[in-house]
Structure formats: C-alpha cells, structure tokens
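Asks: Right, I'll just put the structure down here and ask away after.
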Amino acid sequence: MSDSVLVQAFIYLAAAVVGVPLAKRLGLGSVLGYLLSGVVIGPFALGLVGGEGHSVMHFAEFGVVMMLFLVGLELKPAVLWQLRRPILGLGGLQVAATTAAAAAVAIALGVSWRPALAVGMILAMSSTAIVLQSLAEKGQLKSPGGQASFSILLFQDIAVIPILAIFPLLASAAAQTAADDAGHPGWMQALLVLGSVAGLVAAGRYVVRPAFRLLAQTRLREVFTAATLFLVVGIALLMQRVGLSPALGTFLAGVVLAESEYRHELESDLEPFKGLLLGLFFISVGAQIDFAIVAARPVGISALVAAVVGGKLLVLYTLGRAFGLNAPARWLLAFSLSQVGEFAFVLLSFGVSSGVFGAELASPLVAVVALSMVTTPLLLIVLERVILPRAAGAQERPADEIVNAGEPVVIAGFGRFGQVVGRLLRANQIPTTILDLDPNMVALLGRLGVKVHYGDASRPELLHAAGLEKARLFVLAVDEVEASTQIAEHVARTYPELPILARARNRAHYYALRRAGVRHVFRETLGSALEMAAATLRELGVRAYTAQRMAAAWRRHDERALDELEALWGGDAGAYFAQARLQMEETERLMRAESSAVFDDVEAEWDNDSLRDEVLEAVRAAGRGVVPQAGDGVSAAGGGAVEPAEPVEPAEPVEPVEPAPR
Amino acid sequence: MAPPRRVLLQFAHPVLERSRVNRRLLTVARQLAGVTINDLYENYPTFSIDVRREQALLDDHDVILFQHPFYWYSTPAILKEWQDLVLEHGWAYGRDGTHLRGKITCNLVSTGGAAAAYQHEGRNRFTMRELLSPWDQTAFLCGMRFLAPLVLHGSFRVGSDEELAPHAQVYRRFLEGLRDDTLDLEALAAAPYANDLVTATAAGAAAGATESSSSSERAEPAS
C-alpha cells in the first residue's frame, strides 16, 4: 500500500518536474504546464493514474486553502475594509448576473428552472487557484485588474455558504428528504457561523500570537512549521464543520494574523506546501478531464465551453467597465476570471446527491468545467500578446496641445526623476514645458496644480511643438531606455545647438546617450548610492567631511574610468571587462593611498610628512650653518596646489634657524 | 553674582583625525558645563550651512569662540563660508543688525610655526593679532568685544600628551574664565596673546602657581 503511495507520488512529481519547466520554456505559464501534465498522465493518455485521481484532487484542494491563508496574510484588515465596495458590488453583481445569464440559457435549452438556476450558480464561480496563481506569476496581483479579480473571488467564496443552503431547496420534492439530514435549522446554522468567525478573530488576536511566541522560543524550526500547518488544517476543519468554506475561513485567519510579527515566518513555512499542493491540484484537474465524454460529443462540448467562457467574459468586461476600470484592467479581469472554478466539482456532485439534477446533466458539465480551466492560461497568453498591445494603441489619447511652448526648459519624462528636477526649477521660478506619457501622472499632477502635457516625447512633432527650437535646455528624464536613447538621438541631430541633460538608467544606457552626443549624462542611482556610502562611513565613525571627500574622490575616479571605458563599450566584451577590472583595482589603489593620507594618525597637525621632513632638513642644514632660502616652506606647501582640496599650512623653519631679530 | 556666561565653541578642522592637538582640546571642552561645541565640518560636510540654526546658536550664547588651525595665515575654508552666510546685514551688522552686540569673541588657534616666526622680524612678518585683523574688524563691525587669541604655536613639535598638558590646562582655564567672568577683559582686549594673561590670572586667583612652566616654555618675545 505504502508502495503504491510512493509510486503515485513519483508519477505526480515526475509530471510536474518535466511538464512545468517545459511549459514555461514555451511561454505557457506554470498552470497550463500542470494541467497538460495531468492530461498526459491521466487515464485517457498514458493511463498512469486512474480512479484515485478524485481523492487526490480532494486532498490537493487543500492547496487552495493554503493559498487563501497566504493571501490573507498579505492583506491587513484596513486594506480589506477598503476593498468592501469592489467585493460586495463587483463580486455580488458578477455572481448575480452570471447566474441569471447561465440559467436563462439553460432554460432556453430546455432545462427546467430549478436545475437551471443551480447550474447558473455553479458556473458563476471562478477558480481561485488558477486566477491567483496566474496573476501572481505575472506580478499582477496588486494591479487594479488583479485587485478587482481578487475581490470577486472573495465574494464567490462567501457566496458558497448561501449556495450550499439553497441547493437542497431547489431539489425536486421527491429528492427533498435525502438532502434534509444536513443537520441544524437555519438560524442555528447562522449562529454557528457567526460564532466561529468571531472565535477565529479572537483566537487569532489573543491565543495564536502568544502561542507562536512560545513556539518560536523553542528555536525548533520544524515545530514552528508543524504549528503553522496545524493552525491552517484546524481552521479548515472547523469551517467545514460549521458549513463555511474552509478557504474563506483560513483567509479570515490570515487577515487576522497579517499584523502579527510572525507573518513572514508563516509565509515562508507554508509557501512550499502551497506550491506543491496547488501543482498537485492542477495535475489532478488535468487528469480528471473525461475525454470519453468529449469524444462522444466533441462539437456540443466545445460549444458549451466556448459559450460558458464567452458569457462569463462578457459579464465581467461589462462590469469592469461599469466600475470604472481602465481598458487593460478590465481586459485582465474578464480574461482571468472567465473559467469555472474548482468548487463547481463539489457543487456538481452535491447537486446530484441532493437531487437537484441528474448525472446526465452533471457529467458533461464536469468536463466543461475542467476544459474551461485549461482555456484560461491560453486566453491570458492571447491577452498579453494580442489584446493588450492593441488596447493600448486603441485607447491612445491624442497628445495635449501645448500652449506654453517657447519656455527656456523642456522636460521629457516627469516621473520620480524628472519631478525632482522640475520642482527645483519651479521653486526658482524657471518656466518649463513638461511632457509625460503616463495619463494617471498627468491627471495627478494636474490636481496638484502642475501643468504636464500628455504626449509621447519620442514623436518628433511633439518635441517640435514643445518649443525645442527656442528652448535653452532639454532635460531628458524618460525612464524607458529605448525611448530615451531614441529621443536623445533625434534631438541631438535636429537641434545640435541645444544642450541636453539626460538621465541614464544603467551603464549601457549611459554609453548609448554619450554616443548619441549627449554631454551631460547622469547615472540615476549613483548620487544616492554614494550618499549612502558616505553615510555608512559616518556611522562607522569617520568624520562627515572626510566621508564626503572620500565619496567625491571615488566619484572622480569612477567617472574617469567610465569615460576611459567608453571606447571599448560595444566592442570585444573580453577586452572591456579586462579593462574594467584593471580600473576597479586602480580606483581602489588610489582610494587607499588617499585614505591613508587621512587616517594615518600622524603626530603633526594638518601638515603632511614631506613638509615635516623638509622642516627637519632645514634644522639639520642650520646645524651645518646653511641658512635656508626664504619661501622654502611655502614651496613645500605648493604640493597642495596639485590637490587643491587640501590646504596645507606653510611651514617655517623652527626657531634655531630663525635669524636672530636683534 | 551674575549667571555664568554661555559659551559657544565654533570648531573648524577639516581633518580632525590627524590633529592630536585639537582632539585633545575638544575632550577638555566637552567636560566643561556651559560650553556648547558646534563642529562645523561635521555638521556641514558639503558646506551647506544652515543659516537659521547658526543664528539661533549665536543668539543663545554670550561668548562666541572660533577654534581652528591656522591655514595660510587664516582659518580653514568653512569659517569663511560661515562668515559670508551667517553674518547677514540687518542681523549681525547694519542699522538693525544688533544680534551680536555686546557679545565676547576670540580665536583659539594652533599654528605649525613657532611664536618667533609671527613677529615683524620673523619669517611671517606679521604678528598673530595683525594676521587676525579681519576677525578683529568683523567683531568691531558687529559690536562685539574682540579678545586676544589663545594660540598654541609649534604644534609640529608637540609630541606626547604630556607635552600638550600645559596648553590644555591654559585652554581649560581660559574657557572657564570666560564662562565665570573671572578674566580681565580689558587687558585681554589689548594683549598680543591671551595665553599669559590666563595663566597669570589663574595663578593669582587660585593656587595654580605650578603652571608657570607653561608660559616660560613658550618663547614669547618680550614686548
């Protein structure tokens, strides 16, 4: 028995290890990789896994629970409260509208109203696992579209409670009795749910944190991990008992613990479990797809999948528009939530067992649900490669008309970098014409009373309209390297007399700008990095002025090296790096010489050793009866003129040399 | 008895790491109650002097001392910048510029050269007071009382802490004397150096006679 568990584990792990990197390589994303791996090892391809797939999936669903706990950990209660409008409004409308639409279609297809309504509710659900995993992979969880998607998913998790309660009511009278032994009367159920949620919040606040503190003191990492798992499993079981979705319960627990000091430990402990279980879940979904049913009615099933996904997509897009999401956000929302969720599997079997509908309706729907999950990663690829670029093009607003052309300074790019430049100029009452490509930034700055013109500075006619011909300076602070280089080349060519001050994002960009003919290039992080370096020296006890001079000296060396390397850039990489290494060593050598001049504790005051030697020499000379020439000491200090930063006190011969006054 | 004067020590040394003399003197000053040390190079490493802060400090003190090495017969650069920015017209001088009026000021200087060099017949051709005349005149313009400088000559040759001890003693007495008003300000305003007056006053007022060696070591030419 244990043998077969190991064999199974081996098969699933092998599928994941082979399938996921392959899918990623092909640009398909991990979710699709898992799903396809599942199909391959499933009963309809290699047949490596079979009937037990169902129980595996049930087990793997726990990955979703863990994922929601982790999502909760990221979400402080205050943030959750801010999301109440999208959760209730957007989420509520999505569930209602999708249910209504799907039920209407089902009725039109000849299903009676009760099962049609149940099917509608099932199809309204989306897959938390697929959506959150895909969005996280694309780094879109925190984007407006991602936030909206998350809000809807959260509402769906809440909606599961009433749906489970309604299902038995929808059962035809004959089947009513079978479902009735579900237990408690309604009010008691509600009381139980409220009580356990309140208990959960209280326990999270007053029990879990001190308990974790105690556990942390044992300094046994595995005990802490065990406790974390214990907590999540415990909450899931409790929630299931009182009829709440375990995912929702653990999500709440996560939110309660979001402000605890153990948040990061909890996260890092659960992350691998979540990842593995989710992967297992996706594989088992893939393995579940009943290709026999699909093969029996290929057209019908395909049409159903298309209709379900298309319908959900339409509802979501419309709602996104109504709630004021911009084009990329509402496309993301619509595409990511267009599948039917894993909870449909549970509801479909629950529907059959409570007699809402028969297996002849449920089994093709199971296939539809699973297939709809496969479509999501594909749709997201389409979204990324085709629709979003077009949406950006279609919604491109025309550049603002520039009314204050002819100002002495034109600034292109008014983000974090350009703003500092612009605000300092503004504080000195120097009129500027500002261009930026981010409509949100333009609107925001407009509210703050700063006139920024919307427009793409890489378009020559816009630069012309901004009055580059009459400008005295052009400040190029655009953050896209390509666009910045292109603008620099164009401006340097078209307005050769106009000085350009440009921001460089990195070394390659620096050289590109220099080659474009820009004389004043500023590496964007150098200044603050050097300031931090100087502050670090200060914290270590170095005098502020010395630290400042060290940083300045380093900068001089580095800039000289940068310029010397310019000729080698773009040619033979080996030669470039060899030279760069030499220069790094050279800079460090020079710095050491410079700092030893400062830090060596010499007994003289400011005066350097050579000066002291000279004085002593003068003393010895006097001993031999040679009177030193006037101005000797001053010429020794002339060494200071080479390094003007270091004034050197002129030396005078000590008393014995001094000719007697009288 | 009048309350003790509040003493502000405006300190300027660009490489204090290398100045044993000034490090030692600062430790002495730090132990004295009623003395505020304002380390200019430490506070303004980029020379961006906070004028309002500096003026507030000046307002809050009765004695304004400038402690610095003697570079090119003058002060390190930051003190010039400090003068240029802080001593504003209408604040420090001019019809309404009365903030510094009546305050006491003087320079506490260390030089590499010996005392004999700072004479008309010496290599440097001018006396310390002559070389400090811009500070004298600045004080005059601002209505301040300018006192003779407290000077450590020949800091080149000050080797050990023991050799420095006599000057550190004089330095401490000078600061305490200014604070507690036990010094003869008239005499200090007229003298070529503050050093001898401090020692003399201290020796006369208290049982400090053991310190007489410190003045004999300094080859101060007889005036």
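Following the order of the structure tokens, chains are lettered A, B, ..., residues in each are numbered from 1, and ligands are numbered from 1.
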Residues of chain B that have any atom at most 6 Å from an atom of chain A: could you tabulate them with the shortest-distance atom pair and the distance in Å to one decimal, using only C-alpha atoms, ordered by chain and increasing number, as JSON lines?

Replies:
{"residue": "B:Arg18", "atom": "CA", "partner": "A:Asp601", "partner_atom": "CA", "distance": 5.6}
{"residue": "B:Ser19", "atom": "CA", "partner": "A:Glu605", "partner_atom": "CA", "distance": 4.6}
{"residue": "B:Tyr41", "atom": "CA", "partner": "A:Tyr545", "partner_atom": "CA", "distance": 5.7}
{"residue": "B:Glu42", "atom": "CA", "partner": "A:Ala544", "partner_atom": "CA", "distance": 4.9}
{"residue": "B:Pro45", "atom": "CA", "partner": "A:Tyr545", "partner_atom": "CA", "distance": 4.2}
{"residue": "B:Tyr71", "atom": "CA", "partner": "A:Glu649", "partner_atom": "CA", "distance": 4.8}
{"residue": "B:Trp72", "atom": "CA", "partner": "A:Glu649", "partner_atom": "CA", "distance": 5.5}
{"residue": "B:Gly113", "atom": "CA", "partner": "A:Glu652", "partner_atom": "CA", "distance": 5.6}
{"residue": "B:Glu121", "atom": "CA", "partner": "A:Pro661", "partner_atom": "CA", "distance": 5.7}
{"residue": "B:Phe156", "atom": "CA", "partner": "A:Ala604", "partner_atom": "CA", "distance": 5.0}

Asks: Go ahead and dump the residues you just picked, C-alpha atoms, as a PDB file, in the first residue's frame.

Replies:
ATOM      1  CA  ARG B  18      45.033  63.958  12.050  1.00  0.00           C
ATOM      2  CA  SER B  19      45.023  66.627  14.724  1.00  0.00           C
ATOM      3  CA  TYR B  41      32.906  70.386   9.281  1.00  0.00           C
ATOM      4  CA  GLU B  42      30.954  67.580  10.903  1.00  0.00           C
ATOM      5  CA  PRO B  45      30.347  68.390   5.224  1.00  0.00           C
ATOM      6  CA  TYR B  71      45.895  77.775   7.467  1.00  0.00           C
ATOM      7  CA  TRP B  72      47.592  80.155   5.102  1.00  0.00           C
ATOM      8  CA  GLY B 113      55.195  77.735  13.157  1.00  0.00           C
ATOM      9  CA  GLU B 121      61.318  90.465  12.274  1.00  0.00           C
ATOM     10  CA  PHE B 156      54.560  70.429  14.891  1.00  0.00           C
TER      11      PHE B 156
END

Asks: If you run DSSP on this backbone, which residues of chain B come out as strand (DSSP E or B), and could you give them as a VMD selection string?

Replies: chain B and resid 7 to 11 35 to 39 63 to 69 71 74 89 93 104 to 110 145 to 146 150 to 152

Asks: With DSSP run on the backbone, what are the helix (DSSP H, G or I) residues within segment 204-413 of chain A? I'd like them as number ranges by chain.

Replies: A: 204-217, 221-241, 246-257, 263-288, 291-296, 298-322, 327-336, 343-353, 359-394

Asks: Between atom CA of Ser528 of chain A and atom CA of Leu540 of chain A, what is the spacing in Å?

Replies: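 If I compute the distance from atom CA of Leu540 of chain A to atom CA of Ser528 of chain A, I get 18.3 Å.
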
Asks: List the spatial neighbours of segment 451-454 of chain A as a compact mmCIF listing (two decimals) with N, CA and C atoms, in the first residue's frame - criterion: any atom at most 7 Å away, only C-alpha atoms, same-chain residues fewer than 4 positions off excluded.

Replies:
# COMPACT_ATOMS: atom_id res chain seq x y z
N ALA A 399 -2.10 63.58 -28.16
CA ALA A 399 -1.23 64.40 -27.32
C ALA A 399 -1.89 65.74 -27.05
N ASP A 400 -1.65 66.25 -25.84
CA ASP A 400 -2.21 67.56 -25.50
C ASP A 400 -1.64 68.64 -26.39
N ILE A 402 0.07 71.98 -26.84
CA ILE A 402 0.99 72.67 -25.94
C ILE A 402 0.84 74.17 -26.09
N ILE A 434 6.54 70.67 -19.75
CA ILE A 434 6.74 69.29 -19.27
C ILE A 434 5.92 68.32 -20.11
N LEU A 435 6.57 67.24 -20.53
CA LEU A 435 5.88 66.20 -21.28
C LEU A 435 5.94 64.89 -20.50
N ASP A 436 4.81 64.17 -20.46
CA ASP A 436 4.85 62.84 -19.86
C ASP A 436 3.84 61.94 -20.53
N LEU A 437 4.13 60.64 -20.49
CA LEU A 437 3.34 59.68 -21.23
C LEU A 437 2.33 58.94 -20.36
N PRO A 439 -0.87 58.91 -18.38
CA PRO A 439 -2.06 59.76 -18.19
C PRO A 439 -2.43 59.92 -16.72
N VAL A 442 -0.23 62.56 -15.33
CA VAL A 442 -0.63 63.87 -15.83
C VAL A 442 -1.84 64.38 -15.04
N LEU A 445 -0.80 65.20 -11.32
CA LEU A 445 -0.05 66.44 -11.20
C LEU A 445 -0.94 67.64 -11.50
N GLY A 446 -1.90 67.42 -12.41
CA GLY A 446 -2.85 68.50 -12.70
C GLY A 446 -3.62 68.88 -11.45

Asks: So that I can see what lies close to segment 167-169 of chain B, please list as a PyMOL selection string the residues with an atom at most 8 Å from it, counting only C-alpha atoms and leaving out residues fewer than 2 positions away in the same chain.

Replies: chain B and resi 24-25+28+152+164-165+171-173+214

Asks: Please, could you write that set of residues out with N, CA and C atoms as a compact mmCIF listing (two decimals), in the first residue's frame?

Replies:
# COMPACT_ATOMS: atom_id res chain seq x y z
N ARG B 24 42.53 66.56 21.52
CA ARG B 24 42.74 66.66 22.95
C ARG B 24 41.98 67.86 23.54
N LEU B 25 42.11 69.00 22.87
CA LEU B 25 41.45 70.20 23.39
C LEU B 25 39.93 70.02 23.41
N VAL B 28 38.74 68.25 26.38
CA VAL B 28 38.71 69.16 27.54
C VAL B 28 37.42 69.99 27.50
N LEU B 152 48.37 78.11 20.27
CA LEU B 152 49.38 77.09 20.50
C LEU B 152 50.31 77.14 19.30
N LEU B 164 51.52 68.23 25.71
CA LEU B 164 50.35 69.05 25.40
C LEU B 164 49.65 69.52 26.68
N ALA B 165 49.90 68.83 27.77
CA ALA B 165 49.16 69.09 29.01
C ALA B 165 49.18 70.55 29.45
N TYR B 171 44.06 76.29 28.21
CA TYR B 171 42.84 76.29 27.41
C TYR B 171 41.61 76.14 28.31
N ARG B 172 41.70 75.16 29.24
CA ARG B 172 40.58 74.93 30.15
C ARG B 172 40.34 76.18 31.02
N ARG B 173 41.40 76.75 31.54
CA ARG B 173 41.23 77.94 32.39
C ARG B 173 40.63 79.10 31.63
N SER B 214 54.42 76.52 31.86
CA SER B 214 53.82 76.56 30.53
C SER B 214 54.12 77.86 29.82

Asks: As a ChimeraX atom specification, please: the residues near Val111 of chain A (cut-off 12 Å, only C-alpha atoms, same-chain neighbours under 6 positions excluded).

Replies: /A:102-105,117-120,356-358,360-361

Asks: I need the residues from that last selection saved to file as a PDB file, in the first residue's frame (with N, CA and C atoms), if you can.

Replies:
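Generated file (part.pdb):
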ATOM      1  N   ALA A 102     -26.589  32.417 -17.229  1.00  0.00           N
ATOM      2  CA  ALA A 102     -26.410  30.985 -17.462  1.00  0.00           C
ATOM      3  C   ALA A 102     -27.727  30.246 -17.284  1.00  0.00           C
ATOM      4  N   ALA A 103     -28.514  30.629 -16.257  1.00  0.00           N
ATOM      5  CA  ALA A 103     -29.798  29.975 -16.013  1.00  0.00           C
ATOM      6  C   ALA A 103     -30.735  30.214 -17.191  1.00  0.00           C
ATOM      7  N   ALA A 104     -30.727  31.441 -17.710  1.00  0.00           N
ATOM      8  CA  ALA A 104     -31.602  31.775 -18.824  1.00  0.00           C
ATOM      9  C   ALA A 104     -31.269  30.918 -20.039  1.00  0.00           C
ATOM     10  N   VAL A 105     -29.988  30.782 -20.314  1.00  0.00           N
ATOM     11  CA  VAL A 105     -29.568  29.969 -21.460  1.00  0.00           C
ATOM     12  C   VAL A 105     -29.988  28.517 -21.239  1.00  0.00           C
ATOM     13  N   LEU A 117     -31.204  27.097 -12.472  1.00  0.00           N
ATOM     14  CA  LEU A 117     -30.697  28.078 -11.505  1.00  0.00           C
ATOM     15  C   LEU A 117     -29.449  27.527 -10.798  1.00  0.00           C
ATOM     16  N   ALA A 118     -29.543  26.229 -10.440  1.00  0.00           N
ATOM     17  CA  ALA A 118     -28.396  25.612  -9.749  1.00  0.00           C
ATOM     18  C   ALA A 118     -27.166  25.627 -10.650  1.00  0.00           C
ATOM     19  N   VAL A 119     -27.351  25.268 -11.910  1.00  0.00           N
ATOM     20  CA  VAL A 119     -26.231  25.262 -12.857  1.00  0.00           C
ATOM     21  C   VAL A 119     -25.675  26.669 -13.001  1.00  0.00           C
ATOM     22  N   GLY A 120     -26.577  27.643 -13.062  1.00  0.00           N
ATOM     23  CA  GLY A 120     -26.139  29.037 -13.177  1.00  0.00           C
ATOM     24  C   GLY A 120     -25.209  29.423 -12.041  1.00  0.00           C
ATOM     25  N   VAL A 356     -30.852  17.760  -7.154  1.00  0.00           N
ATOM     26  CA  VAL A 356     -31.221  18.952  -7.914  1.00  0.00           C
ATOM     27  C   VAL A 356     -31.251  18.624  -9.392  1.00  0.00           C
ATOM     28  N   PHE A 357     -30.229  17.894  -9.835  1.00  0.00           N
ATOM     29  CA  PHE A 357     -30.201  17.439 -11.221  1.00  0.00           C
ATOM     30  C   PHE A 357     -29.578  16.061 -11.277  1.00  0.00           C
ATOM     31  N   GLY A 358     -29.674  15.429 -12.421  1.00  0.00           N
ATOM     32  CA  GLY A 358     -29.181  14.072 -12.554  1.00  0.00           C
ATOM     33  C   GLY A 358     -27.777  14.028 -13.102  1.00  0.00           C
ATOM     34  N   GLU A 360     -26.790  12.793 -15.794  1.00  0.00           N
ATOM     35  CA  GLU A 360     -26.698  13.036 -17.243  1.00  0.00           C
ATOM     36  C   GLU A 360     -26.444  14.499 -17.545  1.00  0.00           C
ATOM     37  N   LEU A 361     -26.848  15.368 -16.594  1.00  0.00           N
ATOM     38  CA  LEU A 361     -26.550  16.792 -16.745  1.00  0.00           C
ATOM     39  C   LEU A 361     -25.184  17.101 -16.156  1.00  0.00           C
TER      40      LEU A 361
END

Asks: Any idea what the distance is between atom CA of Asp84 of chain B and atom CA of Ser48 of chain B?

Replies: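 The value is 12.0 Å.
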
Asks: Env of segment 309-314 of chain A: 9 Å cut, atoms = only C-alpha atoms, seq-sep filter 4 positions within chain, self excluded. Answer as a PyMOL selection string.

Replies: chain A and resi 94+98+101-102+123-124+304-305+318-319+331+333-340+372+375-376

Asks: What lies within 10 Å of Leu13 of chain A using only C-alpha atoms, ignoring chain neighbours under 6 positions off, as a ChimeraX atom specification?

Replies: /A:7,19,276,279-280,283

Asks: Of the candidates B:Val151, B:Leu16, B:Ala139, B:Ile37, which one gets nearest to Gln83 of chain B if we count only C-alpha atoms?

Replies: B:Ala139
